[in-house]
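Have a look at the structure below, then the notes.
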Amino acid sequence: MADMKKYASGLLRPEDLNGGARQEKIVNVYISDKLNAPILTFESGDEMVAWNQICRVLVRAYGSEDSDWIGHTIELSIGTYTNKDGETKENIQVKAISSRDEKDEATKKPPAVRKDLDDEIPF
């Protein structure tokens, strides 16, 4: 059975949020060579460019390491800004939902292996 998520996902744009705000869990962060900006990958399969304003929100909420962002839930909603020509444009606003300490359990480091399990097995 094939996973069809990859065909239904892509870079989020403001018009994707016309139905209202939504919450997404960050599952990966990587730097786009083309855009020279971080790309957030969400559990839904969608991705979003994390421009400066978005990065500032995430750094304040979760820390400056990209790995610190993984496992956290954020809210995406439509915002507006005024461009240099005075036109009002839509953009995506981000709000931290989970606290720094509420990182998803699946993304936390596994517990260390106990030393007493290092006994030798004779052959």
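Chain identifiers are assigned as A, B, and so on, following the order in which chains appear in the structure tokens; residues are numbered from 1 within each chain, and ligands are numbered from 1 in order of appearance.
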(request) Name the residues of segment 3-119 of chain A that fall into alpha helix (DSSP H) according to DSSP on the backbone, using the chain letters and numbers of this document, as a VMD selection string. (result) chain A and resid 5 to 8 52 to 62 66 to 69
How about saving the chosen residues, N, CA and C atoms kept, as a PDB file, in the first residue's frame?
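Output contents, as saved in again27.pdb:
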ATOM      1  N   LYS A   5       0.329  10.665   1.168  1.00  0.00           N
ATOM      2  CA  LYS A   5       0.561  11.959   1.804  1.00  0.00           C
ATOM      3  C   LYS A   5       1.485  12.844   0.981  1.00  0.00           C
ATOM      4  N   LYS A   6       2.501  12.236   0.359  1.00  0.00           N
ATOM      5  CA  LYS A   6       3.474  13.033  -0.385  1.00  0.00           C
ATOM      6  C   LYS A   6       2.856  13.716  -1.604  1.00  0.00           C
ATOM      7  N   TYR A   7       1.757  13.171  -2.119  1.00  0.00           N
ATOM      8  CA  TYR A   7       1.101  13.777  -3.275  1.00  0.00           C
ATOM      9  C   TYR A   7       0.117  14.876  -2.865  1.00  0.00           C
ATOM     10  N   ALA A   8      -0.265  14.895  -1.611  1.00  0.00           N
ATOM     11  CA  ALA A   8      -1.240  15.866  -1.119  1.00  0.00           C
ATOM     12  C   ALA A   8      -0.591  16.987  -0.324  1.00  0.00           C
ATOM     13  N   ASN A  52      12.426  34.959   8.866  1.00  0.00           N
ATOM     14  CA  ASN A  52      12.966  35.552  10.100  1.00  0.00           C
ATOM     15  C   ASN A  52      11.946  35.677  11.230  1.00  0.00           C
ATOM     16  N   GLN A  53      10.766  36.203  10.936  1.00  0.00           N
ATOM     17  CA  GLN A  53       9.760  36.413  11.979  1.00  0.00           C
ATOM     18  C   GLN A  53       9.352  35.087  12.621  1.00  0.00           C
ATOM     19  N   ILE A  54       9.183  34.063  11.808  1.00  0.00           N
ATOM     20  CA  ILE A  54       8.796  32.749  12.327  1.00  0.00           C
ATOM     21  C   ILE A  54       9.927  32.160  13.165  1.00  0.00           C
ATOM     22  N   CYS A  55      11.159  32.297  12.688  1.00  0.00           N
ATOM     23  CA  CYS A  55      12.313  31.792  13.453  1.00  0.00           C
ATOM     24  C   CYS A  55      12.428  32.484  14.803  1.00  0.00           C
ATOM     25  N   ARG A  56      12.166  33.785  14.844  1.00  0.00           N
ATOM     26  CA  ARG A  56      12.233  34.503  16.123  1.00  0.00           C
ATOM     27  C   ARG A  56      11.236  33.917  17.129  1.00  0.00           C
ATOM     28  N   VAL A  57      10.019  33.631  16.679  1.00  0.00           N
ATOM     29  CA  VAL A  57       9.001  33.052  17.562  1.00  0.00           C
ATOM     30  C   VAL A  57       9.464  31.690  18.072  1.00  0.00           C
ATOM     31  N   LEU A  58       9.987  30.849  17.180  1.00  0.00           N
ATOM     32  CA  LEU A  58      10.397  29.499  17.565  1.00  0.00           C
ATOM     33  C   LEU A  58      11.632  29.495  18.456  1.00  0.00           C
ATOM     34  N   VAL A  59      12.582  30.385  18.200  1.00  0.00           N
ATOM     35  CA  VAL A  59      13.776  30.474  19.046  1.00  0.00           C
ATOM     36  C   VAL A  59      13.388  30.906  20.460  1.00  0.00           C
ATOM     37  N   ARG A  60      12.490  31.895  20.573  1.00  0.00           N
ATOM     38  CA  ARG A  60      12.051  32.340  21.895  1.00  0.00           C
ATOM     39  C   ARG A  60      11.302  31.231  22.637  1.00  0.00           C
ATOM     40  N   ALA A  61      10.509  30.469  21.906  1.00  0.00           N
ATOM     41  CA  ALA A  61       9.682  29.448  22.552  1.00  0.00           C
ATOM     42  C   ALA A  61      10.450  28.170  22.874  1.00  0.00           C
ATOM     43  N   TYR A  62      11.340  27.726  21.946  1.00  0.00           N
ATOM     44  CA  TYR A  62      11.918  26.392  22.072  1.00  0.00           C
ATOM     45  C   TYR A  62      13.442  26.328  22.088  1.00  0.00           C
ATOM     46  N   ASP A  66      17.856  23.766  15.976  1.00  0.00           N
ATOM     47  CA  ASP A  66      16.727  23.267  15.194  1.00  0.00           C
ATOM     48  C   ASP A  66      16.163  21.969  15.765  1.00  0.00           C
ATOM     49  N   SER A  67      17.006  21.149  16.346  1.00  0.00           N
ATOM     50  CA  SER A  67      16.534  19.886  16.935  1.00  0.00           C
ATOM     51  C   SER A  67      15.617  20.134  18.139  1.00  0.00           C
ATOM     52  N   ASP A  68      15.733  21.305  18.774  1.00  0.00           N
ATOM     53  CA  ASP A  68      14.860  21.646  19.898  1.00  0.00           C
ATOM     54  C   ASP A  68      13.423  21.892  19.442  1.00  0.00           C
ATOM     55  N   TRP A  69      13.228  22.214  18.181  1.00  0.00           N
ATOM     56  CA  TRP A  69      11.890  22.523  17.663  1.00  0.00           C
ATOM     57  C   TRP A  69      11.094  21.259  17.345  1.00  0.00           C
TER      58      TRP A  69
END
Mind running segment 28-110 of chain A against segment 13-18 of chain A at 6 Å and telling me each contacting residue's nearest atom pair with the distance in Å (one decimal), counting only C-alpha atoms, chain and number ascending, as a Markdown table?
| residue | atom | partner | partner_atom | distance |
| --- | --- | --- | --- | --- |
| A:Ile78 | CA | A:Pro14 | CA | 5.9 |
| A:Asn91 | CA | A:Pro14 | CA | 5.4 |
| A:Ile92 | CA | A:Pro14 | CA | 5.5 |
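The shortest atom-to-atom distance to Leu40 of chain A, with only C-alpha atoms taken into account, belongs to A:Asn28 out of A:Asn28, A:Gln23, A:Ser64, A:Thr73.
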(message) Please determine, counting only C-alpha atoms, which residue among A:Gly45, A:Gly79, A:Pro38, A:Gly71 has the shortest atom-to-atom distance to Lys25 of chain A.
(response) A:Gly71
(message) Can you tell me which residues surround Tyr81 of chain A at a distance of at most 9 Å, considering only C-alpha atoms, apart from same-chain residues fewer than 5 positions away, and format the answer as a PyMOL selection string?
(response) chain A and resi 87-91
(request) Would you please work out which residue, of A:Ile31, A:Gly63, A:Ala96, A:Gly20, is nearest to Glu75 of chain A when using only C-alpha atoms? (result) A:Ala96
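Closest to Val29 of chain A among A:Lys95, A:Met4, A:Leu11, A:Met48 is A:Met48, based on only C-alpha atoms.
For Glu47 of chain A, the residues within 8 Å (counting only C-alpha atoms, excluding itself and residues fewer than 3 positions away along the chain) are Ser9, Gly10, Leu11, Leu12, Ile39, Leu40, Thr41 and Phe42 of chain A.
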Output for the residues just chosen: C-alpha atoms as a PDB file, in the first residue's frame:
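Final file, part-v6.pdb:
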ATOM      1  CA  SER A   9       1.384  17.933   0.660  1.00  0.00           C
ATOM      2  CA  GLY A  10       3.645  20.818  -0.248  1.00  0.00           C
ATOM      3  CA  LEU A  11       4.805  24.230   0.900  1.00  0.00           C
ATOM      4  CA  LEU A  12       2.077  25.969   2.874  1.00  0.00           C
ATOM      5  CA  ILE A  39      12.016  24.568   6.192  1.00  0.00           C
ATOM      6  CA  LEU A  40       9.659  23.098   8.794  1.00  0.00           C
ATOM      7  CA  THR A  41       8.175  19.696   7.988  1.00  0.00           C
ATOM      8  CA  PHE A  42       4.923  18.890   9.782  1.00  0.00           C
TER       9      PHE A  42
END
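The space separating atom CA of Lys84 of chain A from atom CA of Ser32 of chain A comes to 25.3 Å.
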(request) Find the distance between atom CA of Val49 of chain A and atom CA of Asp3 of chain A and write it in Å to one decimal. (result) 23.5 Å
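Remark: for Arg22 of chain A, the closest of the candidate residues A:Ser77, A:Gln93, A:Ser98, A:Asn83 is A:Ser77 (distances computed over only C-alpha atoms).
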